[in-house]
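Below: the structure, in structure tokens.
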Amino acid sequence: MWRSLWRSIDRFSLQHFKSVITELRQIKVVNEQNRDTVVDLLQTIVEIVTYGDRQDPLIFECFMEYQVLAEFVRVLKISTSSTIEAPLLQYLSIMIQNMDSEHAIYYCLSNDYVNNIVAHPYNFNAGDLALYYVSFLRAVSSKISRDTLCLLVKVHGDVVVSFPMYTEALKFAQHEEKMIQTAIRALTLNIYNICDDNVYQFITTPPASIYFSDLVSSLRKQCLQLDALVNSSEDKCTHQRNKDIFLKTDKIVDDLFYFKDMLSVGESRLSRVVTQNLLSLLILPLLLPLLKLGENKGSYNISAVTSLYIVSRLLQVVGGKHLINGVAGLLLYHYMALCQRDAIATNGDTAGSTGDASPLLHSLNDINIKVSGHEAEGEKEININYLLQHLNVQTSSNSHFDGSPRDDNVCIERFGIFAYLFSDNHSISLASLFLLLTLAENKDLEHFPASLLGISQSQGLMNNCESAFLKVDGSILVRLMPQILKTLLKVLACQPPVSPPMQWHTGWFLRKLLQCQGNKLTDDNIHLFNTSYEQSRECLQKELDGCWFDHIPDTIGNEWGSCKKALELQFHVKDPLFTLELEICQQAIDGNFNSCFAWERMVDAVKVFILHLQLKALIFMGCLLEKPSLESPSDSDLGKTYSRDISSASFGSEVSLGSGIPCRIAFSYAGVRDIYLLAVARGISGKLILAEKHPFRSQRGVVIAIAPLAGLSQPRIDEDHPTWLHLRIREFEPNFVKAKGGQSKVSTPPADGRWTLGFHSAKACETARLLILEETCKQRSSVESMLAPLLREDYLVNVLDSQGD
């Protein structure tokens, strides 16, 4: 024991350290024969230096005196094999990461040791060397400070002319390995947060600043790839396609958060170069199609719904005054210009004007928008002033903005973003409304567009008043509110009905806007809502004839809370991804008799009815409803049933055969067997049981198969064999676990089971069929009785009465 302890102490002694250094210095070439020896020496040095940095200052003095880092650089240069590079970089990373003293860190970064290691000509084509290299760079970046940063740059006069660690790191910015990308982003943020003026000047001017345009160009490419997925004509609405879209949007959002982190550094030059690249390469080209400029068709090959999603998500995540007001200035340019023109016409000068679009867009004057022309033209640049000239021409050619009612219709020129707001494509309509609300609720929006959209400058964005953006009379959204509400209600009242997700997101917008309107609707809009409500109730009632009617009460209980939560979701946390989901899968699955799809249809019917019931409560009561208490019928209402042991039977248990009907069934694994058929309903549960007679007890049977009574659909007698009864068995087992996007969809649903029972006569077969129908009818009646209060027209009145009591 003492010998082992002594050896451990001796390993970290100064004498041992000197001997290891001496041994390393004697290495004249590194090849395959001595590679392992060199690796052991490097590892030992790092272990001793790490120990000495914390425990023994003499060790680190020796480390500096013997210029050990110079030995590491020498080892790289004398190596004939690249296999030494990865472990050397790994040990250096470990050593630097574990250094605590500023003195040690200062020494390691001085004398160009790090720059020489960074600049070594590595071969990154094989193995994991790139990962070790980038990890080393990241380790160094985590230790630099304003005092030590100067040790890693090369300066001519007062100008930084070279920053090897930064420029070499950027070569891996688009690496396919996610870990390497993450490391590079962490490294750059470390540098941005401690830069001095000279270094900021270096990274924000060419050629180093090309990094930012490359980043945005890469993001732009991803957006085009996303759009291709959204608009693909193949494999419509498949599980894999949805998964691919989720993965692509996640990557886009990751990039957006990286831009947000860069802007959060708060350095003006960095913010300017990032913002200008986002505007010129991504945001403004995305907005061109939304401005409805005829000559810019195809200037950015992306669909409207994808464009609206990306701009909304970018404003949500990245934000910032320049981006918010740049987007608002272009999207609302027509209306700001018209407001100014009307003010001039009224007052004779600009004194009465509430604002001007030009100052708002002043920061964009030096931006050139890069757009893609026709194939022969390639990419070209459009100056923002050139674009504004065309916007002015278009504005002048349209009649003035008039919000006065005429014949119960609001006459408003619908061009630009507002043309999409009233699009026949529901997903585009909701996406444009989401973008407008994203702008309207942003606290960085300047006063003029804010008041135009409806934000009170004194109120701004208030946590306790999410609807503050619609409190200003005369704003565009207030003037358009009756039409917007009518458009949303038309979506709900569509025939045939739109998909349940489309109805739910439409309902979310309705709740938000109704709160702003004081829950008031015009008579026409109330009629539209009532039509939609009746449709939702009829759809739920139809499910009482489906194969999942027995699960409707439980589904209401399970879905009520999640539906209410989704309806109450705050605007700032709502992901506009829903607009893409609606675009790729707007049709509801119907006409498929698989029990899995029938389950999804039933759940959707329940959720849509809950939505309408909650909206009805909001319109007429001013609040949302808490989960209702659905009471099961009492035993006295059940009528005659089989004994309790049958209703609670499980596989392998004994049951009373009672008036069970004898028959036969063939199993693939057990041949033909003589059995008894028993059907029983108790309350809202029901079972079809196949039992084999007990070998010793004539009136008892052993359960060999059980099927849900509700899932049998219509039992059918074979046309050619009147003694055969065909049953379809519900095999799918629901589990209330929601997939991403809020729906419990199954990619590969199981097939329904099939039973064929043979009876000794046609009369017995018919008796069995009628027995199943009779017990199913009893079960359905119990479910209907439980749901009756909820489905009655006076349900809300009863709720109010109960609250009054």
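The chains in the structure tokens are called A, B, ... from first to last as shown; in each chain the residues are counted from 1, and the ligands are counted from 1 in the order shown.
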Give me, as a PyMOL selection string, all polymer residues having an atom no more than 7 Å from A:Cys765, counting only C-alpha atoms and skipping those fewer than 5 positions away in the same chain. chain A and resi 723-725+759
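The environment of A:Asp674 within 12 Å, counting only C-alpha atoms and disregarding residues fewer than 6 places along the same chain, consists of Ile661, Pro662, Cys663, Arg664, Ile665, Ala666, Phe667, Leu690, Ala691, Glu692, Lys693, His694, Gly701, Val702, Ile704, Leu757, Gly758, Phe759 and His760 of chain A.
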Output all heavy atoms of each residue in that selection to a file, as a compact mmCIF listing (two decimals), in the first residue's frame.
# COMPACT_ATOMS: atom_id res chain seq x y z
N ILE A 661 -74.94 -19.18 -26.72
CA ILE A 661 -75.33 -19.90 -27.94
C ILE A 661 -74.15 -20.75 -28.40
O ILE A 661 -73.06 -20.24 -28.65
CB ILE A 661 -75.73 -18.91 -29.04
CG1 ILE A 661 -76.86 -18.00 -28.54
CG2 ILE A 661 -76.14 -19.64 -30.31
CD1 ILE A 661 -77.22 -16.90 -29.49
N PRO A 662 -74.35 -22.12 -28.51
CA PRO A 662 -73.25 -22.98 -28.96
C PRO A 662 -72.93 -22.74 -30.43
O PRO A 662 -73.81 -22.52 -31.25
CB PRO A 662 -73.80 -24.39 -28.72
CG PRO A 662 -75.28 -24.24 -28.73
CD PRO A 662 -75.57 -22.88 -28.20
N CYS A 663 -71.64 -22.80 -30.72
CA CYS A 663 -71.18 -22.63 -32.10
C CYS A 663 -69.78 -23.22 -32.22
O CYS A 663 -69.25 -23.81 -31.27
CB CYS A 663 -71.20 -21.16 -32.50
SG CYS A 663 -70.18 -20.08 -31.44
N ARG A 664 -69.16 -23.03 -33.38
CA ARG A 664 -67.81 -23.53 -33.61
C ARG A 664 -66.97 -22.43 -34.25
O ARG A 664 -67.49 -21.55 -34.96
CB ARG A 664 -67.82 -24.76 -34.51
CG ARG A 664 -68.76 -25.88 -34.07
CD ARG A 664 -68.64 -27.10 -34.97
NE ARG A 664 -67.48 -27.90 -34.64
CZ ARG A 664 -67.02 -28.91 -35.38
NH1 ARG A 664 -67.63 -29.21 -36.52
NH2 ARG A 664 -65.97 -29.61 -35.01
N ILE A 665 -65.66 -22.48 -34.00
CA ILE A 665 -64.74 -21.53 -34.62
C ILE A 665 -63.44 -22.24 -34.90
O ILE A 665 -63.04 -23.17 -34.18
CB ILE A 665 -64.49 -20.30 -33.70
CG1 ILE A 665 -63.69 -19.23 -34.44
CG2 ILE A 665 -63.77 -20.71 -32.42
CD1 ILE A 665 -63.60 -17.91 -33.70
N ALA A 666 -62.78 -21.84 -35.98
CA ALA A 666 -61.51 -22.43 -36.37
C ALA A 666 -60.39 -21.46 -36.05
O ALA A 666 -60.43 -20.30 -36.45
CB ALA A 666 -61.51 -22.76 -37.86
N PHE A 667 -59.39 -21.95 -35.29
CA PHE A 667 -58.18 -21.18 -34.99
C PHE A 667 -57.02 -21.73 -35.81
O PHE A 667 -56.89 -22.96 -35.97
CB PHE A 667 -57.83 -21.27 -33.50
CG PHE A 667 -58.81 -20.57 -32.61
CD1 PHE A 667 -59.78 -21.28 -31.92
CD2 PHE A 667 -58.78 -19.19 -32.48
CE1 PHE A 667 -60.69 -20.63 -31.10
CE2 PHE A 667 -59.69 -18.54 -31.66
CZ PHE A 667 -60.64 -19.25 -30.97
N LEU A 690 -66.13 -15.54 -26.18
CA LEU A 690 -66.13 -16.92 -26.64
C LEU A 690 -65.59 -17.78 -25.51
O LEU A 690 -64.47 -17.54 -25.03
CB LEU A 690 -65.26 -17.09 -27.89
CG LEU A 690 -65.63 -16.24 -29.12
CD1 LEU A 690 -64.72 -16.58 -30.29
CD2 LEU A 690 -67.08 -16.40 -29.51
N ALA A 691 -66.40 -18.73 -25.06
CA ALA A 691 -66.01 -19.57 -23.92
C ALA A 691 -66.12 -21.04 -24.29
O ALA A 691 -67.05 -21.46 -25.00
CB ALA A 691 -66.88 -19.27 -22.71
N GLU A 692 -65.18 -21.82 -23.82
CA GLU A 692 -65.17 -23.27 -24.03
C GLU A 692 -65.69 -23.94 -22.77
O GLU A 692 -65.30 -23.56 -21.66
CB GLU A 692 -63.75 -23.74 -24.34
CG GLU A 692 -63.68 -25.13 -24.94
CD GLU A 692 -62.28 -25.42 -25.50
OE1 GLU A 692 -61.31 -24.86 -24.95
OE2 GLU A 692 -62.18 -26.17 -26.47
N LYS A 693 -66.59 -24.93 -22.95
CA LYS A 693 -67.22 -25.57 -21.79
C LYS A 693 -66.16 -26.16 -20.87
O LYS A 693 -65.20 -26.78 -21.31
CB LYS A 693 -68.18 -26.67 -22.24
CG LYS A 693 -68.93 -27.33 -21.09
CD LYS A 693 -69.88 -28.42 -21.58
CE LYS A 693 -71.09 -27.77 -22.23
NZ LYS A 693 -72.13 -28.83 -22.56
N HIS A 694 -66.37 -25.95 -19.57
CA HIS A 694 -65.45 -26.47 -18.56
C HIS A 694 -65.51 -28.00 -18.57
O HIS A 694 -66.60 -28.59 -18.66
CB HIS A 694 -65.85 -25.94 -17.18
CG HIS A 694 -64.78 -26.08 -16.15
ND1 HIS A 694 -64.49 -27.28 -15.54
CD2 HIS A 694 -63.91 -25.17 -15.63
CE1 HIS A 694 -63.50 -27.11 -14.69
NE2 HIS A 694 -63.12 -25.82 -14.72
N GLY A 701 -67.92 -22.11 -18.18
CA GLY A 701 -67.03 -22.12 -19.33
C GLY A 701 -65.77 -21.33 -19.05
O GLY A 701 -65.73 -20.50 -18.14
N VAL A 702 -64.74 -21.63 -19.84
CA VAL A 702 -63.46 -20.93 -19.71
C VAL A 702 -63.31 -19.98 -20.90
O VAL A 702 -63.44 -20.40 -22.06
CB VAL A 702 -62.28 -21.91 -19.68
CG1 VAL A 702 -60.95 -21.16 -19.60
CG2 VAL A 702 -62.42 -22.89 -18.52
N ILE A 704 -61.90 -18.05 -23.84
CA ILE A 704 -60.76 -18.24 -24.74
C ILE A 704 -60.55 -17.04 -25.67
O ILE A 704 -59.51 -16.90 -26.31
CB ILE A 704 -60.92 -19.53 -25.58
CG1 ILE A 704 -62.16 -19.42 -26.48
CG2 ILE A 704 -60.98 -20.75 -24.69
CD1 ILE A 704 -62.26 -20.55 -27.48
N LEU A 757 -67.97 -17.45 -37.18
CA LEU A 757 -68.55 -18.44 -36.28
C LEU A 757 -69.54 -19.31 -37.04
O LEU A 757 -70.36 -18.79 -37.82
CB LEU A 757 -69.26 -17.76 -35.11
CG LEU A 757 -68.42 -16.77 -34.27
CD1 LEU A 757 -69.28 -16.13 -33.19
CD2 LEU A 757 -67.22 -17.47 -33.65
N GLY A 758 -69.46 -20.61 -36.82
CA GLY A 758 -70.38 -21.53 -37.47
C GLY A 758 -71.41 -22.07 -36.49
O GLY A 758 -71.04 -22.56 -35.41
N PHE A 759 -72.71 -21.99 -36.85
CA PHE A 759 -73.79 -22.45 -35.97
C PHE A 759 -74.45 -23.69 -36.57
O PHE A 759 -74.34 -23.96 -37.78
CB PHE A 759 -74.81 -21.33 -35.77
CG PHE A 759 -74.24 -20.13 -35.04
CD1 PHE A 759 -73.55 -19.14 -35.73
CD2 PHE A 759 -74.37 -20.01 -33.67
CE1 PHE A 759 -73.01 -18.05 -35.07
CE2 PHE A 759 -73.84 -18.92 -32.99
CZ PHE A 759 -73.15 -17.94 -33.69
N HIS A 760 -75.18 -24.42 -35.75
CA HIS A 760 -75.75 -25.68 -36.22
C HIS A 760 -76.95 -25.46 -37.13
O HIS A 760 -77.38 -26.38 -37.83
CB HIS A 760 -76.17 -26.56 -35.02
CG HIS A 760 -77.22 -25.94 -34.15
ND1 HIS A 760 -78.57 -25.98 -34.45
CD2 HIS A 760 -77.12 -25.25 -32.98
CE1 HIS A 760 -79.26 -25.35 -33.51
NE2 HIS A 760 -78.40 -24.90 -32.61
Any chance you could tabulate, as JSON lines, the residues of stretch 526-558 of chain A at most 10 Å from stretch 496-509 of chain A with each one's nearest atom pair and distance in Å to one decimal, using only C-alpha atoms, in chain and rising number order?
{"residue": "A:Ser532", "atom": "CA", "partner": "A:Pro497", "partner_atom": "CA", "distance": 8.9}
{"residue": "A:Gln535", "atom": "CA", "partner": "A:Pro497", "partner_atom": "CA", "distance": 8.3}
{"residue": "A:Ser536", "atom": "CA", "partner": "A:Pro497", "partner_atom": "CA", "distance": 9.1}
{"residue": "A:Cys539", "atom": "CA", "partner": "A:Pro497", "partner_atom": "CA", "distance": 9.9}
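Using only C-alpha atoms for every distance, the candidate list A:Lys443, A:Lys763, A:Lys251, A:Arg220 yields A:Lys443 as the residue closest to A:Asn325.
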Near stretch 712-714 of chain A, within 12 Å and counting only C-alpha atoms, which residues show up once chain neighbours fewer than 3 positions away are dropped, as a PyMOL selection string? chain A and resi 543-550+593-595+598+679+686-688+706-709+717+725-731+752-755+769-777
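Relative to atom CA of A:Ile484, atom CA of A:Leu513 is found at 9.0 Å.
Between atom CA of A:Asn31 and atom CA of A:Ser79 the interatomic distance comes to 6.2 Å.
For the residues A:Val118, A:Val253, A:Ala493, A:Leu787, ranking by smallest atom-to-atom distance to A:Tyr132 using only C-alpha atoms places A:Val118 first.
For the pair atom CA of A:Leu569 and atom CA of A:Arg511, the interatomic distance is 10.3 Å.
Every protein, DNA or RNA residue with an atom at most 12 Å from A:Pro57, where only C-alpha atoms count and chain neighbours fewer than 3 positions away do not, is listed here: Ser13, Leu14, Ile48, Val49, Thr50, Tyr51, Gly52, Asp53, Arg54, Phe60, Glu61, Cys62, Phe63, Met64, Ser101, His103 and Ala104 of chain A.
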Write a file of the selected residues as a compact mmCIF listing (two decimals), in the first residue's frame, keeping N, CA and C atoms.
# COMPACT_ATOMS: atom_id res chain seq x y z
N SER A 13 5.91 14.25 -9.36
CA SER A 13 7.03 15.01 -8.81
C SER A 13 7.70 15.84 -9.89
N LEU A 14 8.38 16.88 -9.48
CA LEU A 14 9.08 17.74 -10.41
C LEU A 14 10.18 16.97 -11.13
N ILE A 48 0.59 15.85 -15.48
CA ILE A 48 1.43 16.51 -14.48
C ILE A 48 1.21 18.01 -14.48
N VAL A 49 1.07 18.61 -15.69
CA VAL A 49 0.84 20.06 -15.77
C VAL A 49 -0.51 20.43 -15.14
N THR A 50 -1.53 19.63 -15.41
CA THR A 50 -2.85 19.87 -14.82
C THR A 50 -2.78 19.80 -13.30
N TYR A 51 -2.04 18.81 -12.80
CA TYR A 51 -1.85 18.68 -11.35
C TYR A 51 -1.07 19.88 -10.80
N GLY A 52 0.01 20.26 -11.51
CA GLY A 52 0.86 21.33 -11.02
C GLY A 52 0.18 22.68 -11.03
N ASP A 53 -0.73 22.91 -12.00
CA ASP A 53 -1.45 24.19 -12.07
C ASP A 53 -2.25 24.44 -10.79
N ARG A 54 -2.66 23.37 -10.13
CA ARG A 54 -3.49 23.52 -8.93
C ARG A 54 -2.73 23.21 -7.64
N PHE A 60 4.66 24.16 -12.94
CA PHE A 60 4.31 25.02 -14.07
C PHE A 60 5.46 25.96 -14.43
N GLU A 61 6.26 26.36 -13.44
CA GLU A 61 7.45 27.15 -13.76
C GLU A 61 8.38 26.34 -14.64
N CYS A 62 8.52 25.05 -14.33
CA CYS A 62 9.34 24.16 -15.15
C CYS A 62 8.73 24.02 -16.55
N PHE A 63 7.40 23.93 -16.61
CA PHE A 63 6.68 23.83 -17.89
C PHE A 63 7.02 25.01 -18.78
N MET A 64 7.06 26.23 -18.17
CA MET A 64 7.39 27.42 -18.95
C MET A 64 8.88 27.47 -19.28
N SER A 101 -5.54 29.05 -13.37
CA SER A 101 -4.82 30.29 -13.09
C SER A 101 -4.68 31.14 -14.35
N HIS A 103 -2.35 33.15 -14.94
CA HIS A 103 -0.94 33.13 -15.34
C HIS A 103 -0.68 32.00 -16.32
N ALA A 104 -1.21 30.81 -16.02
CA ALA A 104 -1.00 29.64 -16.88
C ALA A 104 -1.67 29.85 -18.23
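Minimum atom-to-atom distances from A:Leu308, A:Ala86, A:Ile369, A:Val161 to A:Pro285 were compared using only C-alpha atoms, and the lowest value belongs to A:Ile369.
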Backbone-only DSSP, strand (DSSP E) members of stretch 73-258 of chain A, as an mmCIF file with all heavy atoms, in the first residue's frame:
data_model
loop_
_atom_site.group_PDB
_atom_site.id
_atom_site.type_symbol
_atom_site.label_atom_id
_atom_site.label_comp_id
_atom_site.auth_asym_id
_atom_site.auth_seq_id
_atom_site.Cartn_x
_atom_site.Cartn_y
_atom_site.Cartn_z
ATOM 1 N N LYS A 154 -2.931 39.030 -35.095
ATOM 2 C CA LYS A 154 -1.756 39.715 -35.619
ATOM 3 C C LYS A 154 -2.180 41.095 -36.084
ATOM 4 O O LYS A 154 -3.177 41.250 -36.790
ATOM 5 C CB LYS A 154 -1.149 38.921 -36.776
ATOM 6 C CG LYS A 154 -0.620 37.563 -36.320
ATOM 7 C CD LYS A 154 0.035 36.799 -37.454
ATOM 8 C CE LYS A 154 0.572 35.458 -36.937
ATOM 9 N NZ LYS A 154 1.210 34.652 -38.001
ATOM 10 N N VAL A 155 -1.415 42.096 -35.650
ATOM 11 C CA VAL A 155 -1.817 43.484 -35.845
ATOM 12 C C VAL A 155 -0.763 44.215 -36.663
ATOM 13 O O VAL A 155 0.446 44.016 -36.477
ATOM 14 C CB VAL A 155 -2.013 44.190 -34.480
ATOM 15 C CG1 VAL A 155 -2.415 45.646 -34.688
ATOM 16 C CG2 VAL A 155 -3.050 43.463 -33.642
ATOM 17 N N HIS A 156 -1.237 45.046 -37.591
ATOM 18 C CA HIS A 156 -0.356 45.950 -38.339
ATOM 19 C C HIS A 156 -0.801 47.365 -38.029
ATOM 20 O O HIS A 156 -1.861 47.800 -38.447
ATOM 21 C CB HIS A 156 -0.434 45.671 -39.835
ATOM 22 C CG HIS A 156 0.493 46.536 -40.650
ATOM 23 N ND1 HIS A 156 1.871 46.356 -40.664
ATOM 24 C CD2 HIS A 156 0.247 47.583 -41.470
ATOM 25 C CE1 HIS A 156 2.412 47.251 -41.447
ATOM 26 N NE2 HIS A 156 1.447 48.004 -41.960
ATOM 27 N N VAL A 159 -4.493 47.966 -36.779
ATOM 28 C CA VAL A 159 -5.459 47.166 -37.530
ATOM 29 C C VAL A 159 -5.140 45.690 -37.396
ATOM 30 O O VAL A 159 -4.001 45.264 -37.580
ATOM 31 C CB VAL A 159 -5.459 47.566 -39.024
ATOM 32 C CG1 VAL A 159 -6.454 46.711 -39.811
ATOM 33 C CG2 VAL A 159 -5.784 49.046 -39.177
ATOM 34 N N VAL A 160 -6.163 44.894 -37.045
ATOM 35 C CA VAL A 160 -6.000 43.442 -36.993
ATOM 36 C C VAL A 160 -5.988 42.918 -38.421
ATOM 37 O O VAL A 160 -6.948 43.101 -39.178
ATOM 38 C CB VAL A 160 -7.143 42.776 -36.193
ATOM 39 C CG1 VAL A 160 -7.034 41.260 -36.265
ATOM 40 C CG2 VAL A 160 -7.116 43.240 -34.744
ATOM 41 N N VAL A 161 -4.913 42.249 -38.795
ATOM 42 C CA VAL A 161 -4.786 41.728 -40.157
ATOM 43 C C VAL A 161 -4.963 40.220 -40.219
ATOM 44 O O VAL A 161 -5.145 39.655 -41.302
ATOM 45 C CB VAL A 161 -3.426 42.118 -40.767
ATOM 46 C CG1 VAL A 161 -3.326 43.634 -40.915
ATOM 47 C CG2 VAL A 161 -2.265 41.588 -39.918
ATOM 48 N N SER A 162 -4.902 39.562 -39.061
ATOM 49 C CA SER A 162 -5.028 38.103 -39.065
ATOM 50 C C SER A 162 -5.530 37.625 -37.707
ATOM 51 O O SER A 162 -5.128 38.142 -36.663
ATOM 52 C CB SER A 162 -3.671 37.460 -39.376
ATOM 53 O OG SER A 162 -3.761 36.055 -39.288
#
Which residue is closest to A:Lys490? Choose from A:Pro553, A:His426, A:Leu439, A:Ser451 and count only C-alpha atoms. A:His426
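Considering the residues A:Ser698, A:Glu23, A:Glu626, A:Arg272 and counting only C-alpha atoms, A:Gly658 has its shortest atom-to-atom contact with A:Ser698.
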Residues near A:Leu247, anyone? I mean within 12 Å using only C-alpha atoms, not counting same-chain ones fewer than 4 positions away, as a ChimeraX atom specification. /A:222,225-226,229,240-243,251-254,577,740
With only C-alpha atoms as the basis for distance, which of A:Ile191, A:Leu611, A:Ala173, A:Met95 is at the shortest distance from A:Ser145? A:Ile191
